[in-house]
Amino acid sequence: MTLITESRPEVGHVETTLARHAWRIRRYALQMGEVQGQGYIGQALGLADVLAVAFCHAMNFRPDDPEWEGRDRFLLSHGHYAIALYAALIEAGIIPEAELETYGSDDSRLPMSGMATYTPGMEISGGSLGQGLSIAVGMALGLRQKRNPAWVFNSMSDGELDEGATWEAAMSAAHHQLSNLITLVDINQQQADGHSQRILGFEPLVDKWRAFGWHVQRVDGNDLAAVIDAFDTARAVNDPVPRVILFDTLMGKGVPFLEQREKNHFIRVEQDEWQHAIAVLDANHQQGERA
């Protein structure tokens, strides 16, 4: 299955289709969260639009052959976002939907933190934050050496901007002119210890990444039109430089009572709230389709 096509549908149709993909990704994440009664649901809901565009618009892969050599690689540096990636892999047809009921259980292929040895489509075992971009640099170099035209997408959190290894990798990517590397940074302004900017200020991010030699975009990560354009622009850049897209996202997006929680880095939801959350998500989606 190749999701990059030579002739693209009209933009309005693309947005409508991707909105459905994003809704289902959010829904799958909530269903998995209900299995354990807790999880990194806020991140999954916030990043769903980015994942929908990545897996259902921008990336080239074969659902029935996750190890296909020509595939684009999606690296989940922030391994605690695994529930979000599982939802995207289900939507992309790489993992059967029935497996979401096994999330976080013994012998499941969907452990609570992403591990490549368990899950089809999981390229790396992430979670030790700040490591993904370094791995992505090596992977992009290797693909270039083999003359493989595949892209490497490295997804990471704003908390990883606190890590020195991230910036060492950023310098290396620019030095080696890795134009086959696109980094996706989820800026949701939350870490386990509090507000990201208060833990360690990282602004001005656009200026910093640009100074490191990258092509930089910063967009609203919950605006599908902006996300689509950002991915398309990143792939179309002619300069021999790595590309980064900074996505400002809202944790809990699509479920207002989760959006409004003061702390939703790791969410515990009461048993009766899960189905309510799904009902609210469905209603909001249906309202958006009618608009």
# chains A, B, ... in the order shown; residues from 1 in each chain; ligands from 1
$ residues_around --residues "segment 148-164 of chain A" --least-positions-apart "5" --cutoff "9 Å" --atoms "only C-alpha atoms" --output "PyMOL selection string"
chain A and resi 54+59-60+69-79+129-133+135-137+139-140+142-143+169+179-191+196+199-202+235
$ write_last_selection --atoms "N, CA and C atoms" --output "short mmCIF file (atom, residue, chain, number, x, y, z; two decimals), in the first residue's frame"
data_model
loop_
_atom_site.label_atom_id
_atom_site.label_comp_id
_atom_site.auth_asym_id
_atom_site.auth_seq_id
_atom_site.Cartn_x
_atom_site.Cartn_y
_atom_site.Cartn_z
N ALA A 54 0.77 11.96 8.61
CA ALA A 54 1.98 11.17 8.36
C ALA A 54 1.64 9.82 7.73
N MET A 59 3.45 9.32 4.06
CA MET A 59 4.42 8.24 4.10
C MET A 59 4.14 7.13 3.10
N ASN A 60 5.22 6.49 2.68
CA ASN A 60 5.18 5.40 1.72
C ASN A 60 5.50 4.10 2.47
N GLU A 69 11.91 -2.86 2.45
CA GLU A 69 13.10 -2.01 2.44
C GLU A 69 12.83 -0.60 1.91
N GLY A 70 11.84 -0.47 1.04
CA GLY A 70 11.56 0.84 0.45
C GLY A 70 10.68 1.74 1.30
N ARG A 71 10.30 1.27 2.48
CA ARG A 71 9.35 2.03 3.31
C ARG A 71 9.99 3.30 3.87
N ASP A 72 9.18 4.31 4.10
CA ASP A 72 9.60 5.44 4.91
C ASP A 72 9.62 4.99 6.36
N ARG A 73 10.60 5.47 7.12
CA ARG A 73 10.75 5.07 8.52
C ARG A 73 10.14 6.13 9.44
N PHE A 74 9.33 5.69 10.40
CA PHE A 74 8.76 6.59 11.40
C PHE A 74 9.31 6.18 12.75
N LEU A 75 10.14 7.03 13.34
CA LEU A 75 10.78 6.73 14.61
C LEU A 75 10.05 7.44 15.74
N LEU A 76 9.64 6.67 16.74
CA LEU A 76 8.96 7.23 17.91
C LEU A 76 9.99 7.40 19.01
N SER A 77 10.66 8.56 19.01
CA SER A 77 11.67 8.81 20.02
C SER A 77 11.05 8.86 21.41
N HIS A 78 9.90 9.53 21.53
CA HIS A 78 9.18 9.61 22.80
C HIS A 78 8.33 8.35 22.98
N GLY A 79 8.99 7.30 23.49
CA GLY A 79 8.35 5.99 23.54
C GLY A 79 7.10 5.91 24.37
N LEU A 129 14.48 9.45 26.58
CA LEU A 129 14.28 10.65 25.77
C LEU A 129 15.59 11.29 25.33
N GLY A 130 15.55 11.80 24.09
CA GLY A 130 16.71 12.45 23.51
C GLY A 130 17.54 11.56 22.62
N GLN A 131 17.15 10.29 22.46
CA GLN A 131 17.94 9.35 21.67
C GLN A 131 17.45 9.22 20.23
N GLY A 132 16.18 9.49 19.99
CA GLY A 132 15.60 9.21 18.68
C GLY A 132 16.26 9.95 17.53
N LEU A 133 16.58 11.22 17.73
CA LEU A 133 17.15 11.99 16.63
C LEU A 133 18.54 11.46 16.26
N ILE A 135 19.50 8.34 16.46
CA ILE A 135 19.24 7.12 15.69
C ILE A 135 18.78 7.49 14.28
N ALA A 136 17.93 8.51 14.18
CA ALA A 136 17.42 8.94 12.89
C ALA A 136 18.55 9.43 11.99
N VAL A 137 19.52 10.13 12.56
CA VAL A 137 20.67 10.60 11.77
C VAL A 137 21.42 9.41 11.18
N MET A 139 20.27 6.40 10.67
CA MET A 139 19.40 5.71 9.72
C MET A 139 19.36 6.46 8.39
N ALA A 140 19.26 7.79 8.44
CA ALA A 140 19.23 8.59 7.22
C ALA A 140 20.55 8.49 6.46
N GLY A 142 22.57 5.88 6.55
CA GLY A 142 22.60 4.54 5.98
C GLY A 142 21.77 4.42 4.72
N LEU A 143 20.57 5.00 4.74
CA LEU A 143 19.71 4.95 3.55
C LEU A 143 20.36 5.67 2.38
N ALA A 169 22.84 15.79 17.70
CA ALA A 169 22.30 15.12 16.51
C ALA A 169 21.85 16.15 15.48
N SER A 179 19.05 15.57 3.78
CA SER A 179 17.79 16.08 3.23
C SER A 179 16.69 15.02 3.21
N ASN A 180 17.01 13.78 3.61
CA ASN A 180 16.00 12.71 3.71
C ASN A 180 15.46 12.56 5.13
N LEU A 181 15.76 13.54 6.00
CA LEU A 181 15.35 13.48 7.40
C LEU A 181 14.37 14.60 7.72
N ILE A 182 13.21 14.23 8.26
CA ILE A 182 12.21 15.21 8.71
C ILE A 182 11.93 14.93 10.19
N THR A 183 12.19 15.92 11.03
CA THR A 183 11.90 15.78 12.46
C THR A 183 10.59 16.47 12.80
N LEU A 184 9.77 15.81 13.59
CA LEU A 184 8.46 16.30 14.01
C LEU A 184 8.51 16.52 15.51
N VAL A 185 8.36 17.76 15.97
CA VAL A 185 8.45 18.05 17.39
C VAL A 185 7.06 18.42 17.92
N ASP A 186 6.58 17.64 18.88
CA ASP A 186 5.28 17.91 19.51
C ASP A 186 5.48 18.89 20.66
N ILE A 187 5.03 20.12 20.47
CA ILE A 187 5.18 21.14 21.51
C ILE A 187 3.83 21.27 22.21
N ASN A 188 3.64 20.48 23.26
CA ASN A 188 2.38 20.52 24.01
C ASN A 188 2.55 21.20 25.37
N GLN A 189 3.77 21.66 25.63
CA GLN A 189 4.09 22.44 26.83
C GLN A 189 3.85 21.70 28.14
N GLN A 190 3.93 20.35 28.09
CA GLN A 190 3.81 19.61 29.35
C GLN A 190 4.87 18.52 29.44
N GLN A 191 5.47 18.43 30.61
CA GLN A 191 6.38 17.34 30.94
C GLN A 191 5.91 16.73 32.26
N SER A 196 6.61 22.80 30.22
CA SER A 196 7.91 22.60 29.57
C SER A 196 8.81 23.82 29.66
N ILE A 199 10.34 24.26 33.06
CA ILE A 199 11.36 23.28 33.42
C ILE A 199 12.71 23.71 32.84
N LEU A 200 12.72 24.06 31.57
CA LEU A 200 13.93 24.55 30.91
C LEU A 200 13.50 25.28 29.64
N GLY A 201 13.67 26.59 29.64
CA GLY A 201 13.21 27.39 28.50
C GLY A 201 13.94 27.03 27.22
N PHE A 202 13.19 26.81 26.15
CA PHE A 202 13.82 26.41 24.89
C PHE A 202 13.54 27.37 23.73
N ARG A 235 8.82 18.01 2.34
CA ARG A 235 9.29 17.05 1.35
C ARG A 235 9.72 17.72 0.05
#
$ closest_atom_pairs --of "segment 90-150 of chain A" --to "segment 22-30 of chain A" --cutoff "10 Å" --atoms "only C-alpha atoms" --output "Markdown table"
| residue | atom | partner | partner_atom | distance |
| --- | --- | --- | --- | --- |
| A:Ile90 | CA | A:Ile25 | CA | 8.0 |
| A:Glu91 | CA | A:Ile25 | CA | 6.4 |
| A:Ala92 | CA | A:Ile25 | CA | 9.6 |
| A:Glu97 | CA | A:Tyr28 | CA | 8.3 |
| A:Leu100 | CA | A:Tyr28 | CA | 7.3 |
| A:Glu101 | CA | A:Tyr28 | CA | 9.8 |
| A:Tyr103 | CA | A:Ala29 | CA | 9.8 |
$ write_last_selection --atoms "all heavy atoms" --output "mmCIF file, in the first residue's frame"
data_model
loop_
_atom_site.group_PDB
_atom_site.id
_atom_site.type_symbol
_atom_site.label_atom_id
_atom_site.label_comp_id
_atom_site.auth_asym_id
_atom_site.auth_seq_id
_atom_site.Cartn_x
_atom_site.Cartn_y
_atom_site.Cartn_z
ATOM 1 N N ILE A 90 -2.860 0.934 13.667
ATOM 2 C CA ILE A 90 -4.145 0.259 13.445
ATOM 3 C C ILE A 90 -4.874 0.927 12.285
ATOM 4 O O ILE A 90 -5.380 0.265 11.375
ATOM 5 C CB ILE A 90 -5.005 0.290 14.718
ATOM 6 C CG1 ILE A 90 -4.382 -0.599 15.802
ATOM 7 C CG2 ILE A 90 -6.436 -0.167 14.422
ATOM 8 C CD1 ILE A 90 -5.014 -0.445 17.176
ATOM 9 N N GLU A 91 -4.916 2.245 12.297
ATOM 10 C CA GLU A 91 -5.604 2.981 11.227
ATOM 11 C C GLU A 91 -4.940 2.743 9.877
ATOM 12 O O GLU A 91 -5.613 2.698 8.851
ATOM 13 C CB GLU A 91 -5.624 4.479 11.552
ATOM 14 C CG GLU A 91 -6.355 5.343 10.554
ATOM 15 C CD GLU A 91 -7.849 5.034 10.444
ATOM 16 O OE1 GLU A 91 -8.395 4.266 11.259
ATOM 17 O OE2 GLU A 91 -8.477 5.585 9.512
ATOM 18 N N ALA A 92 -3.612 2.560 9.883
ATOM 19 C CA ALA A 92 -2.887 2.331 8.635
ATOM 20 C C ALA A 92 -2.980 0.885 8.156
ATOM 21 O O ALA A 92 -2.517 0.568 7.056
ATOM 22 C CB ALA A 92 -1.415 2.702 8.826
ATOM 23 N N GLU A 97 -7.203 -4.218 14.249
ATOM 24 C CA GLU A 97 -7.956 -3.453 15.246
ATOM 25 C C GLU A 97 -8.264 -4.293 16.485
ATOM 26 O O GLU A 97 -8.286 -3.770 17.607
ATOM 27 C CB GLU A 97 -9.257 -2.941 14.634
ATOM 28 C CG GLU A 97 -10.106 -2.105 15.571
ATOM 29 C CD GLU A 97 -11.389 -1.616 14.938
ATOM 30 O OE1 GLU A 97 -11.527 -1.695 13.699
ATOM 31 O OE2 GLU A 97 -12.281 -1.152 15.687
ATOM 32 N N LEU A 100 -6.230 -4.009 19.866
ATOM 33 C CA LEU A 100 -6.248 -2.889 20.809
ATOM 34 C C LEU A 100 -6.751 -3.337 22.184
ATOM 35 O O LEU A 100 -6.400 -2.732 23.206
ATOM 36 C CB LEU A 100 -7.052 -1.707 20.273
ATOM 37 C CG LEU A 100 -8.561 -1.807 20.022
ATOM 38 C CD1 LEU A 100 -9.380 -1.618 21.287
ATOM 39 C CD2 LEU A 100 -8.970 -0.756 18.997
ATOM 40 N N GLU A 101 -7.542 -4.387 22.221
ATOM 41 C CA GLU A 101 -8.051 -4.896 23.494
ATOM 42 C C GLU A 101 -6.953 -5.530 24.351
ATOM 43 O O GLU A 101 -7.151 -5.790 25.534
ATOM 44 C CB GLU A 101 -9.163 -5.920 23.247
ATOM 45 C CG GLU A 101 -10.391 -5.321 22.564
ATOM 46 C CD GLU A 101 -11.482 -6.361 22.331
ATOM 47 O OE1 GLU A 101 -11.267 -7.531 22.716
ATOM 48 O OE2 GLU A 101 -12.529 -5.995 21.779
ATOM 49 N N TYR A 103 -3.953 -4.064 24.789
ATOM 50 C CA TYR A 103 -3.010 -2.998 25.132
ATOM 51 C C TYR A 103 -2.492 -3.119 26.571
ATOM 52 O O TYR A 103 -3.274 -3.203 27.521
ATOM 53 C CB TYR A 103 -3.681 -1.638 24.928
ATOM 54 C CG TYR A 103 -2.853 -0.470 25.445
ATOM 55 C CD1 TYR A 103 -1.683 -0.085 24.796
ATOM 56 C CD2 TYR A 103 -3.232 0.215 26.594
ATOM 57 C CE1 TYR A 103 -0.919 0.967 25.282
ATOM 58 C CE2 TYR A 103 -2.472 1.273 27.081
ATOM 59 C CZ TYR A 103 -1.313 1.633 26.421
ATOM 60 O OH TYR A 103 -0.557 2.662 26.905
#
$ atom_distance --atom1 "atom CA of Glu203 of chain A" --atom2 "atom CA of Val241 of chain A"
21.6 Å
